[in-house]
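S.K.: What follows is upload_28.txt, compact mmCIF, C-alpha atoms and all ligand atoms.
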```txt
# COMPACT_ATOMS: atom_id res chain seq x y z
CA GLN A 2 -8.90 69.46 113.76
CA GLY A 3 -10.50 70.96 110.61
CA ALA A 4 -9.01 71.02 107.13
CA GLY A 5 -5.92 73.13 106.46
CA VAL A 6 -6.61 76.47 104.80
CA THR A 7 -4.36 79.19 103.35
CA VAL A 8 -5.61 82.77 103.74
CA LEU A 9 -4.09 85.43 101.47
CA GLY A 10 -4.64 89.01 102.62
CA LEU A 11 -4.69 90.01 106.28
CA GLY A 12 -6.55 93.29 106.13
CA ALA A 13 -9.53 93.81 108.42
CA MET A 14 -11.58 91.14 106.64
CA GLY A 15 -8.86 88.58 105.88
CA SER A 16 -7.74 88.70 109.53
CA ALA A 17 -11.31 88.08 110.71
CA LEU A 18 -11.65 85.11 108.33
CA ALA A 19 -8.33 83.60 109.47
CA THR A 20 -9.04 84.17 113.17
CA THR A 21 -12.45 82.47 112.91
CA LEU A 22 -10.86 79.41 111.29
CA LEU A 23 -8.12 79.25 113.93
CA ASP A 24 -10.68 79.48 116.72
CA ALA A 25 -12.61 76.61 115.09
CA GLY A 26 -9.50 74.42 115.13
CA HIS A 27 -8.38 74.62 111.49
CA ALA A 28 -4.70 74.61 110.59
CA VAL A 29 -4.28 78.03 108.95
CA THR A 30 -1.41 79.31 106.84
CA VAL A 31 -1.45 83.06 106.28
CA TRP A 32 0.27 85.40 103.86
CA ASN A 33 0.13 89.18 103.54
CA ARG A 34 2.02 91.52 101.19
CA THR A 35 3.16 93.48 104.23
CA SER A 36 4.42 90.62 106.38
CA ALA A 37 4.19 92.49 109.70
CA ARG A 38 0.42 92.07 109.54
CA ALA A 39 0.82 88.32 110.13
CA VAL A 40 2.41 88.74 113.60
CA ASP A 41 -0.83 88.74 115.62
CA LEU A 42 -2.20 85.72 113.78
CA SER A 43 1.06 83.82 114.25
CA ALA A 44 0.74 84.44 117.97
CA ARG A 45 -2.73 82.85 117.79
CA GLY A 46 -1.36 79.74 116.12
CA ALA A 47 -1.34 80.51 112.39
CA GLN A 48 1.60 79.50 110.22
CA ALA A 49 3.01 82.61 108.51
CA ALA A 50 4.23 81.66 105.01
CA SER A 51 7.62 83.07 104.05
CA SER A 52 6.52 83.72 100.45
CA ILE A 53 3.39 83.65 98.28
CA GLY A 54 4.74 80.45 96.69
CA ALA A 55 5.03 78.76 100.09
CA ALA A 56 1.55 80.02 101.03
CA VAL A 57 -0.24 78.52 98.01
CA ALA A 58 1.74 75.25 98.33
CA ALA A 59 0.85 74.80 102.02
CA ASN A 60 -2.80 73.75 101.55
CA PRO A 61 -5.09 72.59 98.73
CA LEU A 62 -7.68 75.24 99.73
CA ILE A 63 -6.60 78.84 99.20
CA VAL A 64 -8.78 81.76 100.24
CA ALA A 65 -8.00 85.22 98.86
CA CYS A 66 -9.31 88.38 100.55
CA LEU A 67 -7.32 91.18 98.95
CA LEU A 68 -8.17 94.75 97.99
CA ASP A 69 -9.57 94.31 94.49
CA HIS A 70 -9.43 92.29 91.26
CA ALA A 71 -6.08 93.79 90.20
CA SER A 72 -4.43 92.85 93.51
CA VAL A 73 -5.59 89.23 93.11
CA HIS A 74 -3.81 89.02 89.74
CA GLU A 75 -0.76 90.87 91.06
CA THR A 76 -0.51 88.34 93.91
CA LEU A 77 -1.35 85.10 92.08
CA ASP A 78 -0.06 85.62 88.51
CA PRO A 79 3.52 84.69 89.52
CA VAL A 80 2.43 81.43 91.20
CA ILE A 81 -0.72 80.27 89.37
CA ALA A 82 1.23 77.86 87.14
CA GLY A 83 2.21 75.88 90.22
CA MET A 84 -1.33 75.77 91.65
CA ARG A 85 -2.77 73.05 89.35
CA GLY A 86 -5.18 70.89 91.37
CA SER A 87 -5.67 73.54 94.08
CA THR A 88 -8.92 75.25 94.97
CA LEU A 89 -9.20 79.05 95.02
CA VAL A 90 -12.04 80.71 96.91
CA ASN A 91 -11.88 84.42 96.11
CA LEU A 92 -13.65 86.61 98.66
CA THR A 93 -12.15 89.82 97.29
CA THR A 94 -14.85 92.25 96.11
CA THR A 95 -14.97 92.35 92.30
CA THR A 96 -17.52 93.14 89.61
CA PRO A 97 -19.39 90.18 88.05
CA ASN A 98 -17.22 90.33 84.91
CA GLU A 99 -14.03 90.41 86.99
CA ALA A 100 -15.24 87.29 88.84
CA ARG A 101 -15.94 85.59 85.49
CA GLU A 102 -12.49 86.56 84.23
CA LEU A 103 -10.87 85.02 87.33
CA ALA A 104 -12.93 81.84 86.91
CA THR A 105 -11.78 81.43 83.28
CA TRP A 106 -8.19 82.28 84.18
CA ALA A 107 -8.14 79.81 87.09
CA ALA A 108 -9.73 77.06 84.97
CA GLY A 109 -7.06 77.65 82.32
CA HIS A 110 -4.46 76.79 84.96
CA GLY A 111 -6.30 73.72 86.28
CA VAL A 112 -7.39 75.53 89.46
CA ASP A 113 -10.94 75.01 90.80
CA HIS A 114 -12.54 78.37 91.52
CA LEU A 115 -15.39 79.68 93.63
CA ASP A 116 -16.24 83.36 93.93
CA GLY A 117 -17.64 84.76 97.15
CA ALA A 118 -19.24 88.08 98.10
CA ILE A 119 -19.17 88.92 101.78
CA MET A 120 -22.30 90.59 103.13
CA ALA A 121 -20.90 91.36 106.57
CA THR A 122 -18.40 93.54 108.39
CA PRO A 123 -15.28 91.95 109.92
CA PRO A 124 -16.72 91.76 113.49
CA MET A 125 -19.78 89.91 112.13
CA ILE A 126 -17.68 87.05 110.67
CA GLY A 127 -18.45 83.84 112.58
CA THR A 128 -21.77 85.16 113.93
CA PRO A 129 -25.30 84.23 112.76
CA GLU A 130 -25.76 87.73 111.25
CA ALA A 131 -23.04 87.19 108.63
CA SER A 132 -23.94 86.09 105.13
CA ILE A 133 -21.64 85.16 102.25
CA LEU A 134 -22.90 84.54 98.71
CA TYR A 135 -21.05 82.14 96.41
CA SER A 136 -21.07 81.36 92.70
CA GLY A 137 -18.97 79.29 90.34
CA SER A 138 -18.13 75.64 90.94
CA ARG A 139 -20.91 73.79 92.81
CA ASP A 140 -18.44 71.00 93.59
CA VAL A 141 -16.07 73.45 95.30
CA PHE A 142 -18.97 74.99 97.21
CA ASP A 143 -20.19 71.59 98.47
CA ALA A 144 -16.71 70.29 99.31
CA SER A 145 -15.71 73.53 101.11
CA ARG A 146 -18.84 73.88 103.28
CA PRO A 147 -17.06 72.73 106.47
CA VAL A 148 -14.77 75.77 106.06
CA LEU A 149 -17.23 78.27 104.50
CA ASP A 150 -19.88 77.68 107.15
CA ARG A 151 -17.46 78.72 109.91
CA TRP A 152 -17.67 82.31 108.65
CA ALA A 153 -21.29 82.92 107.80
CA THR A 154 -24.51 81.56 106.37
CA SER A 155 -23.36 80.31 102.98
CA THR A 156 -25.66 80.70 99.96
CA TYR A 157 -24.90 79.24 96.52
CA ASP A 158 -26.26 81.45 93.72
CA GLY A 159 -25.29 79.41 90.65
CA ALA A 160 -22.59 78.22 88.27
CA ASP A 161 -22.03 81.63 86.60
CA ALA A 162 -19.10 82.94 88.68
CA GLY A 163 -20.44 86.51 88.40
CA LEU A 164 -23.71 85.85 90.23
CA ALA A 165 -22.55 86.26 93.83
CA SER A 166 -20.95 89.61 93.04
CA LEU A 167 -23.99 90.69 91.06
CA VAL A 168 -26.48 89.94 93.85
CA ASP A 169 -24.18 91.54 96.44
CA LEU A 170 -23.75 94.72 94.42
CA ALA A 171 -27.48 94.85 93.58
CA MET A 172 -28.27 94.76 97.31
CA LEU A 173 -25.64 97.42 98.02
CA SER A 174 -27.07 99.60 95.25
CA GLY A 175 -30.42 99.48 97.02
CA MET A 176 -28.78 100.24 100.35
CA TYR A 177 -26.75 103.22 99.17
CA SER A 178 -29.68 104.75 97.28
CA MET A 179 -31.80 104.43 100.42
CA PHE A 180 -29.02 105.96 102.55
CA ALA A 181 -28.63 108.85 100.10
CA GLY A 182 -32.39 109.41 100.21
CA PHE A 183 -32.25 109.53 104.00
CA LEU A 184 -29.36 112.03 103.90
CA HIS A 185 -31.25 114.26 101.47
CA GLY A 186 -34.23 114.20 103.82
CA ALA A 187 -31.92 115.04 106.73
CA ALA A 188 -30.57 118.01 104.76
CA MET A 189 -34.11 119.24 104.12
CA ALA A 190 -34.98 118.88 107.81
CA GLY A 191 -31.67 120.52 108.70
CA SER A 192 -32.58 123.58 106.61
CA VAL A 193 -35.18 124.45 109.28
CA GLY A 194 -32.98 123.53 112.23
CA ILE A 195 -34.14 119.94 112.84
CA SER A 196 -31.06 117.98 113.90
CA ALA A 197 -30.01 114.89 111.96
CA THR A 198 -30.47 112.86 115.14
CA GLU A 199 -34.09 114.00 115.54
CA PHE A 200 -34.78 113.39 111.85
CA ALA A 201 -33.28 109.89 112.10
CA ALA A 202 -35.49 109.07 115.08
CA ARG A 203 -38.58 110.07 113.10
CA ALA A 204 -37.52 108.64 109.74
CA THR A 205 -36.43 105.20 110.93
CA PRO A 206 -39.87 103.74 111.79
CA PHE A 207 -41.42 105.38 108.72
CA LEU A 208 -38.80 104.19 106.23
CA SER A 209 -38.71 100.73 107.85
CA ALA A 210 -42.46 100.40 107.35
CA MET A 211 -42.08 101.54 103.73
CA THR A 212 -39.93 98.50 102.88
CA ASP A 213 -43.25 96.63 102.56
CA GLY A 214 -43.37 98.42 99.22
CA PHE A 215 -40.63 96.16 97.81
CA GLU A 216 -42.97 93.19 97.74
CA HIS A 217 -45.77 95.23 96.18
CA PHE A 218 -43.51 96.61 93.42
CA ALA A 219 -42.04 93.15 92.81
CA GLY A 220 -45.56 91.76 92.38
CA VAL A 221 -46.40 94.47 89.83
CA ILE A 222 -43.13 93.97 87.89
CA ASP A 223 -43.34 90.17 87.81
CA GLY A 224 -47.08 90.34 87.07
CA GLY A 225 -46.22 92.32 83.93
CA ASP A 226 -49.02 94.92 84.32
CA TYR A 227 -47.94 98.33 85.63
CA ALA A 228 -51.54 99.56 85.42
CA VAL A 229 -53.02 97.24 88.07
CA PRO A 230 -55.67 99.14 90.08
CA GLY A 231 -55.05 100.51 93.56
CA GLN A 232 -51.77 102.26 92.78
CA GLN A 233 -50.93 105.96 92.88
CA SER A 234 -50.30 107.08 89.27
CA LEU A 235 -47.10 108.73 88.07
CA ASP A 236 -49.23 111.67 86.83
CA PHE A 237 -50.68 112.13 90.34
CA SER A 238 -47.26 112.31 91.97
CA ASP A 239 -44.34 113.10 89.68
CA LEU A 240 -42.33 114.27 92.74
CA SER A 241 -41.98 117.83 91.42
CA HIS A 242 -43.29 119.17 94.74
CA ILE A 243 -40.43 117.48 96.61
CA VAL A 244 -37.83 118.78 94.15
CA ARG A 245 -39.32 122.28 94.37
CA ALA A 246 -39.46 122.24 98.18
CA SER A 247 -35.85 121.13 98.31
CA GLU A 248 -34.77 123.95 96.00
CA GLU A 249 -36.83 126.49 97.97
CA GLN A 250 -34.92 125.43 101.10
CA GLY A 251 -31.58 125.78 99.33
CA VAL A 252 -31.00 122.02 99.51
CA ARG A 253 -29.59 120.22 96.43
CA PRO A 254 -32.34 117.97 95.07
CA THR A 255 -29.91 115.64 93.20
CA THR A 256 -31.06 112.33 94.72
CA ILE A 257 -34.80 112.89 94.44
CA ALA A 258 -34.36 114.66 91.06
CA ALA A 259 -32.83 111.45 89.68
CA VAL A 260 -36.01 109.58 90.63
CA GLN A 261 -38.12 112.37 89.17
CA GLU A 262 -36.20 112.13 85.90
CA LEU A 263 -37.11 108.45 85.57
CA ILE A 264 -40.78 109.26 86.26
CA SER A 265 -40.76 112.08 83.69
CA GLU A 266 -39.33 109.71 81.10
CA GLN A 267 -42.15 107.24 81.65
CA ILE A 268 -44.81 109.99 81.59
CA ALA A 269 -43.33 111.28 78.30
CA ASP A 270 -43.55 107.73 76.95
CA GLY A 271 -47.30 107.71 77.72
CA HIS A 272 -47.29 105.75 80.99
CA GLY A 273 -48.45 108.52 83.36
CA ALA A 274 -51.54 106.57 84.45
CA GLU A 275 -49.41 103.66 85.66
CA GLY A 276 -47.81 103.10 89.07
CA PHE A 277 -44.35 103.88 90.51
CA ALA A 278 -42.94 100.42 89.69
CA ARG A 279 -43.06 101.52 86.02
CA ILE A 280 -39.65 103.27 86.42
CA TYR A 281 -38.14 99.76 86.49
CA GLU A 282 -38.65 99.91 82.70
CA SER A 283 -36.36 102.95 82.50
CA LEU A 284 -33.66 101.11 84.44
CA ARG A 285 -33.61 97.54 83.23
CA ALA A 286 -30.82 96.28 81.04
CA GLU A 287 -32.62 95.95 77.70
CA ARG A 288 -33.57 99.59 77.74
CA THR A 289 -30.08 100.82 78.75
CA ALA A 290 -28.56 98.72 75.99
CA LYS A 291 -30.62 100.50 73.27
P1 LIG B 1 -8.12 96.28 104.03
O1 LIG B 1 -7.87 97.60 103.39
O2 LIG B 1 -8.18 96.20 105.52
O3 LIG B 1 -6.99 95.24 103.53
C1 LIG B 1 -6.62 95.18 102.19
C2 LIG B 1 -5.73 93.96 102.01
O4 LIG B 1 -5.38 93.87 100.62
C3 LIG B 1 -4.44 94.05 102.80
O5 LIG B 1 -4.09 92.74 103.22
C4 LIG B 1 -3.46 94.56 101.73
O6 LIG B 1 -2.13 94.20 101.98
C5 LIG B 1 -3.96 93.81 100.54
N1 LIG B 1 -3.53 94.38 99.27
C6 LIG B 1 -3.87 95.58 98.75
N2 LIG B 1 -3.29 95.75 97.53
C7 LIG B 1 -2.55 94.64 97.32
C8 LIG B 1 -1.73 94.22 96.24
N3 LIG B 1 -1.56 94.98 95.15
N4 LIG B 1 -1.13 93.01 96.33
C9 LIG B 1 -1.31 92.22 97.43
N5 LIG B 1 -2.08 92.57 98.48
C10 LIG B 1 -2.70 93.77 98.41
O7 LIG B 1 -9.43 95.71 103.37
P2 LIG B 1 -10.47 94.63 103.96
O8 LIG B 1 -9.73 93.52 104.62
O9 LIG B 1 -11.52 95.34 104.72
O10 LIG B 1 -11.15 94.12 102.61
C11 LIG B 1 -10.61 93.07 101.85
C12 LIG B 1 -11.66 92.67 100.82
O11 LIG B 1 -12.86 92.28 101.51
C13 LIG B 1 -12.03 93.82 99.87
O12 LIG B 1 -12.21 93.33 98.56
C14 LIG B 1 -13.33 94.30 100.46
O13 LIG B 1 -14.17 94.91 99.49
C15 LIG B 1 -13.94 93.00 100.96
N6 LIG B 1 -14.98 93.25 101.97
C16 LIG B 1 -14.69 93.99 103.09
C17 LIG B 1 -15.70 94.31 103.98
C18 LIG B 1 -15.42 95.13 105.21
O14 LIG B 1 -16.38 95.52 105.89
N7 LIG B 1 -14.15 95.39 105.55
C19 LIG B 1 -17.11 93.88 103.74
C20 LIG B 1 -17.27 93.05 102.58
C21 LIG B 1 -16.24 92.79 101.72
P3 LIG B 1 -1.11 95.21 102.75
O15 LIG B 1 -1.32 94.96 104.22
O16 LIG B 1 0.23 94.79 102.27
O17 LIG B 1 -1.48 96.60 102.33
```
Would you give me this structure, written as structure tokens?
M.R.:
Amino acid sequence: QGAGVTVLGLGAMGSALATTLLDAGHAVTVWNRTSARAVDLSARGAQAASSIGAAVAANPLIVACLLDHASVHETLDPVIAGMRGSTLVNLTTTTPNEARELATWAAGHGVDHLDGAIMATPPMIGTPEASILYSGSRDVFDASRPVLDRWATSTYDGADAGLASLVDLAMLSGMYSMFAGFLHGAAMAGSVGISATEFAARATPFLSAMTDGFEHFAGVIDGGDYAVPGQQSLDFSDLSHIVRASEEQGVRPTTIAAVQELISEQIADGHGAEGFARIYESLRAERTAK
């Protein structure tokens, strides 16, 4: 019998988290704003709390998996004063600053807090493919491992509560930009009648092989010299041919044009002889903050 856990939020993800704990033999108390969503979990052995107050009082470890930052406050504001000494693990997706705000707010009420960012879909929870990033209290992370490790590979990113969210969203930014690039390519191929399915079959091995570039760019950035030999210069390929080809085909070049804009900025700043990784300088925080 594992430790008792309260799970707040029984959407697709919260239900998967609660089910995995039940299957592993934990005593689980569940609560959901719309109580009907607790019926299936009750049938599997969960205790359905009659109110949010009863839910947070049932166990010292409370896991929240709600819609967003606002819904966490809406749910817990009325009961936080009675939660002194409890532990809150918030797996709701928030921005880094929202996670930091929750950490400060929880600490102000004597509640230990750990923020988590789930890098998995609900069916992946409890399988080796699932990963969850955590930040905030190291003590909570260490003490909660017997529960956290039921769901996924658990990684602790640091004491700043915003770190898990930041790394998660940074990875998702990379993913969505890559997906958008693929869809732009599919639209270009589609303009001459190549189906998206055929384009995907041809693009997948190519784009997969291109991920080797991450390590190369990282080496250039961390090495601090964007002019290291052996790179294609920004002057040589400013991507204008791709933008032009897209326009000629009647396909919106928005995604690739955004990359071209960053290159143009660096060329205008006198860095045309340097490599592609140079656009990192157009993106990084210090420059944006100017
Ligand atoms: P769902 O839309 O399936 O569920 C949302 C949950 O939030 C429901 O339990 C809903 O309750 C509750 N909720 C919404 N608004 C409020 C509110 N104002 N007060 C109280 N409860 C509220 O979402 P998921 O379960 O998929 O996602 C939950 C969290 O997990 C999100 O932050 C999401 O970003 C994150 N996540 C989800 C992933 C996924 O693949 N699904 C992947 C990674 C993270 P009700 O039933 O009453 O509407």
S.K.: Find the spatial neighbours of A:Thr88, counting only C-alpha atoms, within a cut-off of 9 Å - ignore same-chain residues fewer than 3 positions away - and output them as a ChimeraX atom specification.
M.R.: /A:61-64,84-85,112-115,141
S.K.: Distance cut-off 8 Å, centre (5.7, 86.6, 104.1) in file coordinates, counting all atoms listed in the file: which residues qualify? Return them as a ChimeraX atom specification.
M.R.: /A:32-36,39,49-53
S.K.: Take every atom of ligand LIG 1 (chain B) listed in the file, fit an axis-aligned box around them, add 3 Å per side, and give the centre and edge lengths in Å to one decimal as JSON.
M.R.:
```
{"center_x": -8.5, "center_y": 94.9, "center_z": 100.5, "size_x": 23.5, "size_y": 11.4, "size_z": 16.7}
```
S.K.: Got a sec to check which residues lie within 6 Å of ligand LIG 1 (chain B), using only C-alpha atoms and all ligand atoms, and send them as a ChimeraX atom specification?
M.R.: /A:10-15,33-35,66-69,72,75-76,93-94,119-123
S.K.: Of the candidates A:Asp161, A:Asp226, A:Asp150, A:Glu130, which one gets nearest to A:Asp116 if we count all atoms listed in the file?
M.R.: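 The shortest atom-to-atom distance to A:Asp116 comes from A:Asp161.
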S.K.: Give me the residues within 12 Å of stretch 239-252 of chain A as number ranges by chain, counting all atoms listed in the file and dropping any in the same chain fewer than 5 places off.
M.R.: A: 182, 184-194, 233-234, 257-269, 272-277, 280
S.K.: For a quick check of understanding, using all atoms listed in the file, which of A:Ala17, A:Val57, A:Ala71, A:Leu23 has the smallest distance to A:Gly86?
M.R.: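 Closest to A:Gly86 of all the choices is A:Val57.
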S.K.: Near A:Leu103, counting only C-alpha atoms, which residues have an atom at most 12 Å away, once you skip same-chain residues fewer than 2 positions from it, shown as a short mmCIF file (atom, residue, chain, number, x, y, z; two decimals) with C-alpha atoms, keeping the file's coordinate frame?
M.R.:
```
data_model
loop_
_atom_site.label_atom_id
_atom_site.label_comp_id
_atom_site.auth_asym_id
_atom_site.auth_seq_id
_atom_site.Cartn_x
_atom_site.Cartn_y
_atom_site.Cartn_z
CA ALA A 65 -8.00 85.22 98.86
CA ASP A 69 -9.57 94.31 94.49
CA HIS A 70 -9.43 92.29 91.26
CA ALA A 71 -6.08 93.79 90.20
CA SER A 72 -4.43 92.85 93.51
CA VAL A 73 -5.59 89.23 93.11
CA HIS A 74 -3.81 89.02 89.74
CA LEU A 77 -1.35 85.10 92.08
CA ASP A 78 -0.06 85.62 88.51
CA ILE A 81 -0.72 80.27 89.37
CA LEU A 89 -9.20 79.05 95.02
CA VAL A 90 -12.04 80.71 96.91
CA ASN A 91 -11.88 84.42 96.11
CA LEU A 92 -13.65 86.61 98.66
CA THR A 93 -12.15 89.82 97.29
CA THR A 95 -14.97 92.35 92.30
CA THR A 96 -17.52 93.14 89.61
CA PRO A 97 -19.39 90.18 88.05
CA ASN A 98 -17.22 90.33 84.91
CA GLU A 99 -14.03 90.41 86.99
CA ALA A 100 -15.24 87.29 88.84
CA ARG A 101 -15.94 85.59 85.49
CA THR A 105 -11.78 81.43 83.28
CA TRP A 106 -8.19 82.28 84.18
CA ALA A 107 -8.14 79.81 87.09
CA ALA A 108 -9.73 77.06 84.97
CA GLY A 109 -7.06 77.65 82.32
CA HIS A 110 -4.46 76.79 84.96
CA VAL A 112 -7.39 75.53 89.46
CA ASP A 113 -10.94 75.01 90.80
CA HIS A 114 -12.54 78.37 91.52
CA LEU A 115 -15.39 79.68 93.63
CA ASP A 116 -16.24 83.36 93.93
CA GLY A 117 -17.64 84.76 97.15
CA GLY A 137 -18.97 79.29 90.34
CA ASP A 161 -22.03 81.63 86.60
CA ALA A 162 -19.10 82.94 88.68
CA GLY A 163 -20.44 86.51 88.40
#
```
